[in-house]
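The file start02.cif contains mmCIF, C-alpha atoms:
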data_structure
loop_
_atom_site.label_atom_id
_atom_site.label_comp_id
_atom_site.auth_asym_id
_atom_site.auth_seq_id
_atom_site.Cartn_x
_atom_site.Cartn_y
_atom_site.Cartn_z
CA GLY M 1 42.50 39.80 170.32
CA ALA M 2 41.14 42.08 167.65
CA VAL M 3 37.59 41.58 166.38
CA VAL M 4 37.43 41.49 162.60
CA SER M 5 34.33 41.21 160.44
CA GLN M 6 33.94 40.56 156.73
CA HIS M 7 31.01 41.12 154.45
CA PRO M 8 29.61 39.28 152.68
CA SER M 9 30.38 35.86 154.11
CA TRP M 10 29.71 34.33 150.72
CA VAL M 11 28.90 35.60 147.25
CA ILE M 12 28.09 34.02 143.90
CA CYS M 13 28.51 36.09 140.77
CA LYS M 14 28.57 35.72 137.04
CA SER M 15 31.79 35.77 135.08
CA GLY M 16 32.81 39.27 134.07
CA THR M 17 31.17 41.07 136.97
CA SER M 18 32.92 42.81 139.86
CA VAL M 19 32.59 41.89 143.52
CA LYS M 20 33.44 44.01 146.55
CA ILE M 21 34.44 42.44 149.87
CA GLU M 22 34.59 44.51 153.04
CA CYS M 23 36.87 43.99 156.02
CA ARG M 24 36.11 45.89 159.21
CA SER M 25 37.99 46.29 162.46
CA LEU M 26 35.35 46.44 165.17
CA ASP M 27 37.40 47.33 168.21
CA PHE M 28 40.45 49.30 167.21
CA GLN M 29 41.88 51.44 164.45
CA ALA M 30 44.10 49.72 161.92
CA THR M 31 46.47 51.58 159.64
CA THR M 32 47.38 48.28 158.02
CA MET M 33 45.26 45.34 156.96
CA PHE M 34 46.22 42.22 155.03
CA TRP M 35 44.32 40.37 152.32
CA TYR M 36 44.81 36.65 151.77
CA ARG M 37 43.45 34.14 149.30
CA GLN M 38 43.00 30.48 150.15
CA PHE M 39 42.20 27.81 147.58
CA PRO M 40 40.62 24.54 148.75
CA LYS M 41 42.92 22.42 150.91
CA GLN M 42 45.74 24.91 150.56
CA SER M 43 47.47 27.38 152.83
CA LEU M 44 46.88 31.11 153.03
CA MET M 45 48.60 33.17 150.37
CA LEU M 46 49.16 36.85 151.04
CA MET M 47 47.79 38.96 148.21
CA ALA M 48 48.41 42.49 149.41
CA THR M 49 48.94 44.80 152.33
CA SER M 50 46.35 47.53 152.62
CA ASN M 51 47.62 50.87 153.96
CA GLU M 52 45.26 53.52 155.26
CA GLY M 53 45.46 56.66 153.18
CA SER M 54 47.95 55.32 150.66
CA LYS M 55 48.34 52.70 147.96
CA ALA M 56 48.25 49.02 148.77
CA THR M 57 51.37 46.90 148.44
CA TYR M 58 50.80 43.85 146.27
CA GLU M 59 52.66 40.56 146.41
CA GLN M 60 54.46 39.31 143.35
CA GLY M 61 52.09 37.78 140.83
CA VAL M 62 48.98 39.55 142.12
CA GLU M 63 47.45 41.90 139.56
CA LYS M 64 46.77 45.25 141.19
CA ASP M 65 44.32 46.27 138.47
CA LYS M 66 42.28 43.15 139.01
CA PHE M 67 42.25 43.18 142.80
CA LEU M 68 41.51 46.75 143.79
CA ILE M 69 42.12 47.62 147.42
CA ASN M 70 40.83 50.69 149.16
CA HIS M 71 41.64 51.52 152.79
CA ALA M 72 39.85 54.81 153.19
CA SER M 73 39.37 54.70 156.95
CA LEU M 74 41.09 53.21 159.98
CA THR M 75 38.35 50.62 160.38
CA LEU M 76 37.53 49.59 156.83
CA SER M 77 39.41 48.06 153.93
CA THR M 78 37.74 46.81 150.77
CA LEU M 79 38.88 44.35 148.14
CA THR M 80 37.19 44.52 144.75
CA VAL M 81 37.65 41.63 142.37
CA THR M 82 37.13 43.17 138.95
CA SER M 83 35.93 41.24 135.93
CA ALA M 84 35.82 38.06 137.98
CA HIS M 85 36.39 34.71 136.30
CA PRO M 86 35.90 31.15 137.58
CA GLU M 87 39.59 30.87 138.46
CA ASP M 88 39.08 33.74 140.94
CA SER M 89 36.74 31.52 142.96
CA SER M 90 38.38 31.21 146.34
CA PHE M 91 38.16 31.99 150.05
CA TYR M 92 39.27 35.56 150.68
CA ILE M 93 40.37 36.44 154.21
CA CYS M 94 41.51 39.73 155.71
CA SER M 95 43.56 40.21 158.86
CA LEU M 96 44.69 42.97 161.17
CA PRO M 97 47.95 43.34 163.04
CA GLY M 98 47.53 42.74 166.76
CA GLY M 99 50.53 44.02 168.65
CA PRO M 100 54.08 43.83 167.27
CA ASP M 101 53.80 40.47 165.56
CA THR M 102 50.39 38.87 165.63
CA GLN M 103 47.63 38.93 163.05
CA TYR M 104 43.95 38.43 163.78
CA PHE M 105 41.85 37.08 160.95
CA GLY M 106 38.36 37.79 159.75
CA PRO M 107 35.84 35.01 159.14
CA GLY M 108 36.50 34.96 155.40
CA THR M 109 34.41 35.45 152.27
CA ARG M 110 33.69 32.56 149.93
CA LEU M 111 33.59 33.81 146.32
CA THR M 112 32.15 31.58 143.62
CA VAL M 113 32.29 32.82 140.04
CA LEU M 114 30.01 31.01 137.61
CA GLY Y 1 62.70 34.99 151.93
CA GLU Y 2 61.30 32.81 154.65
CA ASN Y 3 60.13 29.27 153.90
CA VAL Y 4 58.05 27.28 156.37
CA GLU Y 5 57.54 23.53 156.01
CA GLN Y 6 54.84 21.75 158.01
CA HIS Y 7 54.36 18.02 158.68
CA PRO Y 8 52.32 15.93 158.56
CA SER Y 9 49.74 17.19 156.09
CA THR Y 10 47.09 14.96 157.67
CA LEU Y 11 46.96 13.43 161.11
CA SER Y 12 44.34 11.08 162.50
CA VAL Y 13 44.28 10.25 166.21
CA GLN Y 14 41.93 8.58 168.62
CA GLU Y 15 40.12 10.76 171.12
CA GLY Y 16 42.24 11.14 174.22
CA ASP Y 17 45.54 10.59 172.41
CA SER Y 18 48.15 13.28 171.83
CA ALA Y 19 48.81 15.01 168.52
CA VAL Y 20 52.08 16.58 167.43
CA ILE Y 21 52.56 18.86 164.43
CA LYS Y 22 56.02 19.98 163.38
CA CYS Y 23 57.29 22.96 161.42
CA THR Y 24 60.68 24.04 160.20
CA TYR Y 25 61.69 27.49 159.04
CA SER Y 26 64.59 28.79 156.99
CA ASP Y 27 65.18 32.39 158.09
CA SER Y 28 67.31 32.58 161.23
CA ALA Y 29 66.00 36.13 161.75
CA SER Y 30 62.49 34.84 162.43
CA ASN Y 31 61.55 35.46 166.03
CA TYR Y 32 57.80 34.96 166.32
CA PHE Y 33 55.94 31.71 165.71
CA PRO Y 34 52.13 31.59 165.97
CA TRP Y 35 49.82 28.64 165.50
CA TYR Y 36 46.36 29.01 164.00
CA LYS Y 37 43.36 26.69 164.01
CA GLN Y 38 41.00 26.90 161.06
CA GLU Y 39 37.62 25.22 161.10
CA LEU Y 40 35.79 24.51 157.87
CA GLY Y 41 34.51 27.67 156.21
CA LYS Y 42 35.98 29.97 158.85
CA GLY Y 43 38.98 32.24 159.23
CA PRO Y 44 42.07 31.10 161.14
CA GLN Y 45 42.06 31.60 164.92
CA LEU Y 46 45.23 32.21 166.87
CA ILE Y 47 45.55 29.45 169.49
CA ILE Y 48 49.06 29.89 170.82
CA ASP Y 49 52.29 31.64 169.91
CA ILE Y 50 55.90 31.66 171.01
CA ARG Y 51 58.73 34.12 170.69
CA SER Y 52 62.37 33.26 170.14
CA ASN Y 53 63.43 34.11 173.69
CA VAL Y 54 61.34 31.22 175.02
CA GLY Y 55 61.79 27.50 174.47
CA GLU Y 56 58.35 26.28 175.49
CA LYS Y 57 54.91 27.67 176.20
CA LYS Y 58 51.83 25.90 177.47
CA ASP Y 59 48.15 26.78 177.62
CA GLN Y 60 45.99 24.04 179.11
CA ARG Y 61 46.04 21.13 176.61
CA ILE Y 62 48.12 22.99 174.05
CA ALA Y 63 51.87 23.51 174.12
CA VAL Y 64 54.43 24.80 171.68
CA THR Y 65 58.17 24.12 171.70
CA LEU Y 66 60.87 25.99 169.83
CA ASN Y 67 64.38 24.89 168.90
CA LYS Y 68 66.13 27.93 167.47
CA THR Y 69 69.34 26.08 166.70
CA ALA Y 70 67.57 23.52 164.57
CA LYS Y 71 65.04 26.07 163.32
CA HIS Y 72 62.00 24.02 164.15
CA PHE Y 73 58.95 24.37 166.35
CA SER Y 74 56.13 22.03 167.25
CA LEU Y 75 52.54 22.09 168.44
CA HIS Y 76 51.49 19.52 171.00
CA ILE Y 77 47.85 18.83 171.81
CA THR Y 78 47.17 16.45 174.67
CA GLU Y 79 43.94 14.62 175.52
CA THR Y 80 42.53 15.37 172.09
CA GLN Y 81 38.79 15.85 171.69
CA PRO Y 82 36.61 15.67 168.58
CA GLU Y 83 36.27 19.45 168.63
CA ASP Y 84 40.03 19.70 168.09
CA SER Y 85 39.42 18.42 164.55
CA ALA Y 86 40.42 21.24 162.19
CA VAL Y 87 43.26 22.43 159.99
CA TYR Y 88 46.22 23.80 161.90
CA PHE Y 89 48.71 26.25 160.41
CA CYS Y 90 52.08 27.25 161.75
CA ALA Y 91 53.67 30.54 160.74
CA ALA Y 92 56.88 32.46 161.20
CA SER Y 93 57.71 36.14 161.29
CA ASN Y 94 60.86 38.23 161.65
CA GLY Y 95 58.81 41.06 163.06
CA ALA Y 96 58.95 43.22 159.96
CA GLY Y 97 55.54 44.77 159.50
CA ASN Y 98 53.66 41.84 161.05
CA MET Y 99 54.32 39.79 157.91
CA LEU Y 100 53.71 36.08 158.41
CA THR Y 101 54.87 33.13 156.32
CA PHE Y 102 52.56 30.15 156.70
CA GLY Y 103 53.19 26.44 156.61
CA GLY Y 104 51.12 24.24 154.34
CA GLY Y 105 48.68 23.19 157.06
CA THR Y 106 47.84 19.96 158.88
CA ARG Y 107 44.38 18.44 158.80
CA LEU Y 108 43.82 16.91 162.23
CA MET Y 109 41.03 14.39 162.65
CA VAL Y 110 40.15 13.21 166.13
CA LYS Y 111 38.08 10.05 166.06
CA PRO Y 112 35.63 9.53 168.91
#
Please go through the file and, once you have read it, give me the structure as structure tokens.
Amino acid sequence: GAVVSQHPSWVICKSGTSVKIECRSLDFQATTMFWYRQFPKQSLMLMATSNEGSKATYEQGVEKDKFLINHASLTLSTLTVTSAHPEDSSFYICSLPGGPDTQYFGPGTRLTVL
Amino acid sequence: GENVEQHPSTLSVQEGDSAVIKCTYSDSASNYFPWYKQELGKGPQLIIDIRSNVGEKKDQRIAVTLNKTAKHFSLHITETQPEDSAVYFCAASNGAGNMLTFGGGTRLMVKP
């Protein structure tokens, strides 16, 4: 399957600051990447679909101005949480399509907002 | 849209016993059903998947069955080991843009 990396693996920030999370495809080019959020003991919730060279597609209820997505190259997508607040604390995971159906997930980034 | 229900939410078994996790889906157009294992603090890992043209698939101690008529699919783990302890997620897709709908997850605990 696809090899996906995320950076950082964890981050702690103060309320009101912005945090950037990177998702990289290490072994193939991805025109699409997905961003998920996972709260403790809950399932994965799709936040947005990142499209290389064009605007991301956000799921209902996800604020596009708060969660900025940039997919400037075929191997890198970034998610920036702007003006982070404690309720944004979560586990953020990206994934890549692998073949016609499958997704391969990154290791996740634990965000804690104080 | 698709809705995936997963049961049980927690499952505790003795090492060596079998574990079964069940999922139901609502969209009859769904045709791809992966299972992911997520260890604490890590991203989900694909462990097995099945497509709608197949009723059963096996990979060593792991098997998945699919009943399209009833719209349910199950994960079977035999001879469980402590390292099988994790959260398992089922998902369903109709093939449109690789979009997956996830079940709520099952926390499996294998007691040595």
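Close contacts of Thr78 of chain M, defined as residues with an atom at most 8 Å away when counting only C-alpha atoms, with chain neighbours fewer than 5 positions off set aside, comprise Lys20, Ile21, Glu22, Cys23, Leu68, Ile69, Asn70 and His71 of chain M.
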**OP:** Would you kindly report the residues of chain M within 10 Å of chain Y, using all atoms listed in the file, as a VMD selection string?
**Re:** chain M and resid 1 4 9 to 10 32 to 34 41 to 46 49 91 to 110
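Computed from the coordinates, the atom CA of Ala30 of chain M to atom CA of Ala56 of chain M distance equals 13.8 Å.
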**OP:** Run the PyMOL selection byres ((chain Y and resi 16) around 7) mentally over the shown coordinates, then write out the matched residues as a list in words, using the chain letters and numbers from the document.
**Re:** Gln14, Glu15, Asp17, Ser18, Glu79, Thr80 and Gln81 of chain Y
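Atom pair atom CA of Gly1 of chain Y / atom CA of Gly61 of chain M: separated by 15.6 Å.
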Original post:
In terms of the shortest atom-to-atom distance over only C-alpha atoms, which of M:Ala2, M:Ile12, M:Leu111, M:Val19 is closest to Lys66 of chain M?
Top reply: M:Val19
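The spacing separating atom CA of Ile21 of chain Y from atom CA of Glu59 of chain M amounts to 28.2 Å.
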Original post:
Which residues fall under the PyMOL selection byres ((chain Y and resi 12) around 7) in this file, as an NGL selection string?
Top reply: :Y and (10-11 or 13 or 108-110)
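This file, filtered with the PyMOL selection byres ((chain M and resi 53) around 8), gives the residues Asn51, Glu52, Ser54, Lys55, His71, Ala72 and Ser73 of chain M.
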Selection above as a file: C-alpha atoms, as a PDB file, in the frame of the given file:
ATOM      1  CA  ASN M  51      47.620  50.870 153.960  1.00  0.00           C
ATOM      2  CA  GLU M  52      45.260  53.520 155.260  1.00  0.00           C
ATOM      3  CA  SER M  54      47.950  55.320 150.660  1.00  0.00           C
ATOM      4  CA  LYS M  55      48.340  52.700 147.960  1.00  0.00           C
ATOM      5  CA  HIS M  71      41.640  51.520 152.790  1.00  0.00           C
ATOM      6  CA  ALA M  72      39.850  54.810 153.190  1.00  0.00           C
ATOM      7  CA  SER M  73      39.370  54.700 156.950  1.00  0.00           C
TER       8      SER M  73
END
Excluding segment 88-90 of chain M and residues on its chain fewer than 6 positions from it, collect all residues at most 7 Å away from it, counting all atoms listed in the file, and give them as a PDB file with C-alpha atoms, in the frame of the given file.
ATOM      1  CA  ARG M  37      43.450  34.140 149.300  1.00  0.00           C
ATOM      2  CA  GLN M  38      43.000  30.480 150.150  1.00  0.00           C
ATOM      3  CA  PHE M  39      42.200  27.810 147.580  1.00  0.00           C
ATOM      4  CA  ARG M 110      33.690  32.560 149.930  1.00  0.00           C
ATOM      5  CA  LEU M 111      33.590  33.810 146.320  1.00  0.00           C
ATOM      6  CA  THR M 112      32.150  31.580 143.620  1.00  0.00           C
ATOM      7  CA  VAL M 113      32.290  32.820 140.040  1.00  0.00           C
TER       8      VAL M 113
END
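Neighbours of Leu66 of chain Y closer than or equal to 10 Å, with all atoms listed in the file counted and sequence neighbours fewer than 5 positions away skipped, come out as Cys23, Thr24, Phe33, Ile50, Arg51, Ser52, Asn53, Val54, Gly55, Glu56, Lys57, Lys71, His72, Phe73, Ser74 and Leu75 of chain Y.
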Exercise on segment 96-107 of chain M, axis-aligned box with 5 Å per side, report centre and edge lengths in Å to one decimal, as JSON:
{"center_x": 45.0, "center_y": 39.5, "center_z": 163.9, "size_x": 28.2, "size_y": 19.0, "size_z": 19.5}
Subject >> Nearest-residue call for Gln6 of chain Y, choices Y:Ile48, Y:Thr69, Y:Ser28, Y:Trp35, using only C-alpha atoms >> reply: Y:Trp35
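If only C-alpha atoms are the atoms counted, then among Y:Ile47, Y:Ile77, Y:Ala86, Y:Ala63 the closest residue to Ser9 of chain Y is Y:Ala86.
Counting all atoms listed in the file, the residue from Y:Cys90, Y:Ala19, Y:Val64, Y:Leu40 that sits nearest to Asn3 of chain Y is Y:Cys90.
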